[in-house]
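First up is the structure itself, then whatever we jot down about it.
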Protein chains: 2
Amino acid sequence: MDIMRAWAYLNRVIEGTHPEIVEIIRQFGPEDVAERIKARRALPERLLASTESRAYVDNSAEDLDHAARLGYRLVYPGSSEWPEDKFDCFAALDVADRSDAPPLALWVRGQGLRQATAESVALVGTRATTKYGIDVAKQLSEKLSGAAARRVSIVSGGALGIDAAAHQAALDSGGVTVMVAACGPGVAYPSSHRQLFDEISRSGCLVSEYPPGVRPARHRFLTRNRLVAALSDAVVVVEAGWRSGARNTANWATRMNRPLGAVPGPVTSPATSGCHDLIRSGQAILVTNAENVLSLYREVGSVDEDCQLELDWAKSPVQQLSRSELSVYDALNQKGSVSVDVVSSRAGVSIGLATHLLLELQKRGFVQRMKDGWARIVES
Amino acid sequence: MDIMRAWAYLNRVIEGTHPEIVEIIRQFGPEDVAERIKARRALPERLLASTESRAYVDNSAEDLDHAARLGYRLVYPGSSEWPEDKFDCFAALDVADRSDAPPLALWVRGQGLRQATAESVALVGTRATTKYGIDVAKQLSEKLSGAAARRVSIVSGGALGIDAAAHQAALDSGGVTVMVAACGPGVAYPSSHRQLFDEISRSGCLVSEYPPGVRPARHRFLTRNRLVAALSDAVVVVEAGWRSGARNTANWATRMNRPLGAVPGPVTSPATSGCHDLIRSGQAILVTNAENVLSLYREVGSVDEDCQLELDWAKSPVQQLSRSELSVYDALNQKGSVSVDVVSSRAGVSIGLATHLLLELQKRGFVQRMKDGWARIVES
């Protein structure tokens, strides 16, 4: 049995990875472990039990063949496109749960997975979107991934709503996007996104840890979400209600020490209440634009200069005056001039100090001396 | 010179309090300090210099008379309605700035100030509001202050926009509201709010630390903001752009250790960007409703039960299943029944475990055994 066949077999008979299983395969090699599963021997009870119902059928040749016809290849630890660095995040997890492990292998269609996720941000959210959520998802996706922008890949789950808006905006702006499915190759879920998925596979890639034909199920959405978080440098929840699946992805990000952002929205919109809760509880950082998203994981100072434009809210000169300067400046009229003793009285400072401050302000171009007193130059 | 006249005199000749001035008056009494200022003797240079231009005119009788005709009385340290406890917050401040001190005295019109601010929340925000901001300000104000609600006073600055909406909603719902002015009695700023201020004085009160006729000025807005923060148990910024004056109030709250909340909004709205920045930087807690506001300063657990309704987002029973229970539950069809071996295969668990989990789920009312297999009872 060659290594590709062994991985395909393991990928079919083991659903739900576990650190222990990953370690056994690493230690003995996929071929040996596949043989042991078939022979029902020399493996921990956990692995024998969980493969009991599937072990006797070796579907690996058919799976590889079927996947290939669908444009998928099998990627596994040691493959050049296996995203080794990204999967370091699993080391941060405890080992209590069988989903707390990297996938055994991945079916990939489209561009190389490692390259496609070299710098990547997950944009996830509710299916029950509002126009606001869709607009924000599109804008973030475009600003992050677009040709004129930062060239960050957009990772998402291909679902209706926010996921689809994020994928589509990346495609539309010439960016790269990665869709992680909760079902196997050959199953399009939702089926209305079949064409979107085809488009994604041309410039980005489709990823699944399930063998061909496996249908989506609730537990697969949950384990899929861990891959969305794992394949991204940061996770951003764009719009999510209290019980959105996006909160599950957010929880994975937190457990994996992936930076987590959430986009606020109107407090009157239930579609945003999950984001607000993530921010309020301190689990997520509030993000409002692409610049904020990049600063979730990029080193401070490395952010592109063009992003800084969004932060251009410098104070007006008048706002930079000290409080006593301001009290003198404010004591002048909007128009016309005012005598020093009136300034002194209005500002509540001595005539000496008023004169001193007025001369200081004159030097700096805020006020000017007139025949009959003092007048403003700069209007705030 | 009686004590009332002394305070009125000091209030007129000293603008901009300072911890040192407060301490001198506390030590020698207002009458003695007033005499010293008039006599230009035995006082620190700071106090002599800052009173130089006004010291020689004693306007106290006219001010008290003028204020009385306008419905105002003078409240000062030792008065029964002086909000002593609230002004403890000034102890948290450093003494570098002359505004870092409690007011010397306050002109008050309407209800007793101490009672009116016994439990109070400041709702502040931009003048350049959106409909969203106005709606949220109204709703928070009503929920906090309304007769059917928590009876929290609403403190604000009487400005156009958020301030006015907060005051008005408190009035409309039968609550108490307190307006802190940046000008003296007899000056309505903005003048279009004259009627609103009259209404406020009937059920709540108007407060100013400036003597009658003093016009508003920029430095007075800034020192007024410190009083808004000081008179409140918590400060909430409802809507604020990057450079809104509400951020100044927020900064006072932070320096005074007053809990600070901010309401998020659409990231597409510049009117909310200041709130988002306060939350993002960690200066403010994100608040979305009255319950959140109360929890800024009330002890955990003391929040009224009716507020809890807003937090009613309990998980559905199916969402509370463990991951292995869920994988078995999901392996059943939406309709009709499925045999144990199919469940075992779909869920990737042994037939023994599948049977065990199905029996467990049956006990808890999620599934039922049929003639030809297992079927769901509860739909998620």
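Residues in the structure tokens are numbered from 1 in each chain, the chains being A, B, ... in the order shown, and ligands are numbered from 1 in the order shown.
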
So that each row is one residue of chain B with an atom at most 7 Å from chain A, can you give its shortest atom pair and the distance in Å to one decimal, using only C-alpha atoms, rows by chain and rising number, as a tab-separated table?
residue	atom	partner	partner_atom	distance
B:Ile14	CA	A:Gly348	CA	6.9
B:Glu15	CA	A:Gly348	CA	5.6
B:Ala49	CA	A:Ser350	CA	5.3
B:Ser50	CA	A:Val349	CA	4.5
B:Thr51	CA	A:Gly348	CA	6.8
B:Glu52	CA	A:Ser350	CA	5.3
B:Ser53	CA	A:Ser345	CA	5.5
B:Arg54	CA	A:Ser345	CA	6.4
B:Ala217	CA	A:Asp330	CA	6.0
B:Arg218	CA	A:Asp330	CA	6.3
B:His219	CA	A:Ser327	CA	5.6
B:Trp242	CA	A:Trp313	CA	6.9
B:Pro264	CA	A:Pro264	CA	6.0
B:Gly265	CA	A:Pro266	CA	4.3
B:Pro266	CA	A:Gly265	CA	4.3
B:Val267	CA	A:Thr288	CA	5.5
B:Arg280	CA	A:Leu286	CA	5.1
B:Ile285	CA	A:Arg280	CA	6.3
B:Leu286	CA	A:Arg280	CA	5.1
B:Thr288	CA	A:Val267	CA	5.5
B:Trp313	CA	A:Trp242	CA	6.9
B:Arg323	CA	A:His219	CA	6.8
B:Leu326	CA	A:His219	CA	6.4
B:Ser327	CA	A:His219	CA	5.5
B:Asp330	CA	A:Ala217	CA	6.0
B:Ser344	CA	A:Ser53	CA	6.5
B:Ser345	CA	A:Ser53	CA	5.5
B:Gly348	CA	A:Glu15	CA	5.6
B:Val349	CA	A:Ser50	CA	4.6
B:Ser350	CA	A:Ala49	CA	5.2
B:Ile351	CA	A:Ser53	CA	6.9

Preceding selection exported with N, CA, C and O atoms as a short mmCIF file (atom, residue, chain, number, x, y, z; two decimals), in the first residue's frame:
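Once everything was written out, this is part07.cif:
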data_model
loop_
_atom_site.label_atom_id
_atom_site.label_comp_id
_atom_site.auth_asym_id
_atom_site.auth_seq_id
_atom_site.Cartn_x
_atom_site.Cartn_y
_atom_site.Cartn_z
N ILE B 14 -13.33 84.11 41.38
CA ILE B 14 -12.41 83.00 41.07
C ILE B 14 -13.03 82.15 39.97
O ILE B 14 -14.05 81.51 40.19
N GLU B 15 -12.46 82.18 38.80
CA GLU B 15 -12.92 81.22 37.80
C GLU B 15 -11.82 80.20 37.59
O GLU B 15 -10.68 80.53 37.33
N ALA B 49 -3.18 86.67 41.87
CA ALA B 49 -3.04 87.00 40.45
C ALA B 49 -4.32 86.68 39.68
O ALA B 49 -4.80 87.48 38.87
N SER B 50 -4.90 85.51 39.96
CA SER B 50 -6.05 85.10 39.16
C SER B 50 -7.31 85.89 39.51
O SER B 50 -8.29 85.86 38.77
N THR B 51 -7.29 86.58 40.63
CA THR B 51 -8.47 87.37 41.00
C THR B 51 -8.24 88.87 40.77
O THR B 51 -9.10 89.69 41.06
N GLU B 52 -7.07 89.20 40.26
CA GLU B 52 -6.67 90.61 40.14
C GLU B 52 -7.70 91.48 39.43
O GLU B 52 -8.07 92.56 39.89
N SER B 53 -8.20 90.97 38.30
CA SER B 53 -9.04 91.83 37.47
C SER B 53 -10.47 91.95 37.99
O SER B 53 -11.22 92.82 37.57
N ARG B 54 -10.83 91.06 38.93
CA ARG B 54 -12.24 91.07 39.36
C ARG B 54 -12.42 91.43 40.84
O ARG B 54 -13.54 91.64 41.31
N ALA B 217 -18.09 79.41 26.91
CA ALA B 217 -16.83 79.54 26.18
C ALA B 217 -16.19 78.16 26.14
O ALA B 217 -16.54 77.29 26.93
N ARG B 218 -15.25 78.02 25.24
CA ARG B 218 -14.71 76.68 25.04
C ARG B 218 -14.15 76.08 26.33
O ARG B 218 -14.42 74.93 26.66
N HIS B 219 -13.38 76.88 27.07
CA HIS B 219 -12.79 76.30 28.28
C HIS B 219 -13.87 75.96 29.30
O HIS B 219 -13.69 75.08 30.12
N TRP B 242 -14.70 61.27 16.13
CA TRP B 242 -13.33 61.27 16.63
C TRP B 242 -13.06 62.45 17.56
O TRP B 242 -12.36 62.33 18.54
N PRO B 264 -21.69 51.03 20.73
CA PRO B 264 -21.18 50.86 19.36
C PRO B 264 -22.27 51.22 18.35
O PRO B 264 -23.43 51.44 18.72
N GLY B 265 -21.88 51.26 17.11
CA GLY B 265 -22.83 51.56 16.05
C GLY B 265 -22.23 51.11 14.74
O GLY B 265 -21.20 50.43 14.71
N PRO B 266 -22.87 51.49 13.65
CA PRO B 266 -22.35 51.06 12.34
C PRO B 266 -20.93 51.59 12.13
O PRO B 266 -20.67 52.76 12.39
N VAL B 267 -20.03 50.74 11.66
CA VAL B 267 -18.66 51.20 11.40
C VAL B 267 -18.63 52.15 10.21
O VAL B 267 -17.65 52.84 9.99
N ARG B 280 -12.22 50.13 21.55
CA ARG B 280 -11.08 49.43 20.98
C ARG B 280 -9.83 49.60 21.84
O ARG B 280 -9.04 48.67 22.02
N ILE B 285 -16.09 50.37 28.22
CA ILE B 285 -16.73 49.06 28.07
C ILE B 285 -17.86 49.21 27.04
O ILE B 285 -18.59 50.19 27.06
N LEU B 286 -17.99 48.23 26.18
CA LEU B 286 -19.08 48.26 25.21
C LEU B 286 -20.40 48.03 25.93
O LEU B 286 -20.55 47.06 26.68
N THR B 288 -24.72 47.92 25.30
CA THR B 288 -25.75 47.91 24.26
C THR B 288 -27.14 48.18 24.82
O THR B 288 -28.06 48.41 24.06
N TRP B 313 -30.94 34.34 26.16
CA TRP B 313 -30.54 33.72 24.91
C TRP B 313 -30.07 32.28 25.15
O TRP B 313 -29.08 31.82 24.61
N ARG B 323 -20.23 16.71 22.06
CA ARG B 323 -19.91 16.55 20.65
C ARG B 323 -20.21 15.13 20.15
O ARG B 323 -20.70 14.94 19.05
N LEU B 326 -23.89 14.75 19.81
CA LEU B 326 -24.32 15.51 18.64
C LEU B 326 -24.02 14.76 17.35
O LEU B 326 -24.83 14.76 16.41
N SER B 327 -22.88 14.09 17.31
CA SER B 327 -22.53 13.39 16.07
C SER B 327 -23.49 12.24 15.83
O SER B 327 -23.84 11.95 14.68
N ASP B 330 -26.89 13.89 14.87
CA ASP B 330 -26.83 14.39 13.50
C ASP B 330 -26.82 13.27 12.47
O ASP B 330 -27.13 13.49 11.30
N SER B 344 -23.77 4.41 13.34
CA SER B 344 -22.39 4.15 13.74
C SER B 344 -21.42 4.58 12.64
O SER B 344 -20.41 5.25 12.89
N SER B 345 -21.75 4.24 11.42
CA SER B 345 -20.87 4.57 10.30
C SER B 345 -20.84 6.07 10.03
O SER B 345 -19.78 6.67 9.86
N GLY B 348 -19.11 7.82 12.84
CA GLY B 348 -17.71 7.44 13.07
C GLY B 348 -17.45 6.95 14.47
O GLY B 348 -16.38 7.18 15.03
N VAL B 349 -18.42 6.25 15.04
CA VAL B 349 -18.23 5.65 16.36
C VAL B 349 -18.59 4.17 16.27
O VAL B 349 -19.25 3.74 15.33
N SER B 350 -18.13 3.40 17.25
CA SER B 350 -18.42 1.96 17.22
C SER B 350 -19.93 1.74 17.38
O SER B 350 -20.65 2.61 17.89
N ILE B 351 -20.40 0.55 16.97
CA ILE B 351 -21.82 0.24 17.10
C ILE B 351 -22.22 0.24 18.57
O ILE B 351 -23.29 0.73 18.95
#

For this session: Name the residues of region 187-343 of chain B that fall into alpha helix (DSSP H) according to DSSP on the backbone, using the chain letters and numbers of this document, as number ranges by chain.
Result: B: 194-203, 218-230, 246-255, 273-280, 290-294, 305-308, 323-331, 340-343

Exercise. In Å to one decimal, how far is CA of Gln115 (chain A) from CA of Ala92 (chain A)?
Worked result: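 Pair CA of Ala92 (chain A) / CA of Gln115 (chain A) returns 23.1 Å.
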
Exercise. Of the candidates A:Ser173, A:Ala122, A:Arg114, A:Phe28, which shows the shortest atom-to-atom distance to Leu296 (chain A), using only C-alpha atoms?
Worked result: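 Nearest candidate to Leu296 (chain A) out of A:Ser173, A:Ala122, A:Arg114, A:Phe28: A:Ala122.
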
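Every protein or nucleic acid residue with an atom no more than 12 Å from Gly365 (chain A), counting only C-alpha atoms and leaving out same-chain residues fewer than 2 positions away, appears here: Pro317, Val318, Tyr329, Leu358, Leu359, Glu360, Leu361, Gln362, Lys363, Val367, Gln368, Arg369, Ala375, Arg376, Ile377, Val378 and Glu379 of chain A.
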
Seminar exercise, completed: Between CA of Ser244 (chain A) and CA of Thr17 (chain A) lies a distance of 24.4 Å

For this session: Could you tell me how far CA of Lys143 (chain A) lies from CA of Glu291 (chain A), in Å and to one decimal?
Result: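 Calculated distance between CA of Lys143 (chain A) and CA of Glu291 (chain A) is 8.9 Å.
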
Problem set entry | Test item: residues at most 12 Å from Cys89 (chain B), only C-alpha atoms, excluding those fewer than 6 positions along its chain, as number ranges by chain | B: 83, 100-102, 226-234, 252-259

Keeping only C-alpha atoms, write the selected residues as a tab-separated table (two decimals), in the first residue's frame.
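Generated file (selection_7.tsv):
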chain	number	residue	atom	x	y	z
B	83	PRO	CA	-23.13	66.25	46.63
B	100	ASP	CA	-8.75	69.25	38.81
B	101	ALA	CA	-10.83	70.33	41.76
B	102	PRO	CA	-14.45	70.30	42.80
B	226	ARG	CA	-15.67	67.33	34.46
B	227	LEU	CA	-18.80	68.14	36.48
B	228	VAL	CA	-20.95	65.92	34.27
B	229	ALA	CA	-18.56	63.05	35.00
B	230	ALA	CA	-18.25	63.95	38.69
B	231	LEU	CA	-22.01	64.05	39.27
B	232	SER	CA	-22.57	60.57	37.76
B	233	ASP	CA	-22.03	57.02	38.90
B	234	ALA	CA	-21.09	56.08	35.37
B	252	TRP	CA	-12.65	63.01	32.82
B	253	ALA	CA	-14.51	59.83	33.74
B	254	THR	CA	-11.36	57.80	33.25
B	255	ARG	CA	-9.22	60.16	35.32
B	256	MET	CA	-11.85	60.14	38.08
B	257	ASN	CA	-12.17	56.36	38.06
B	258	ARG	CA	-15.78	56.70	36.99
B	259	PRO	CA	-16.92	53.61	35.05
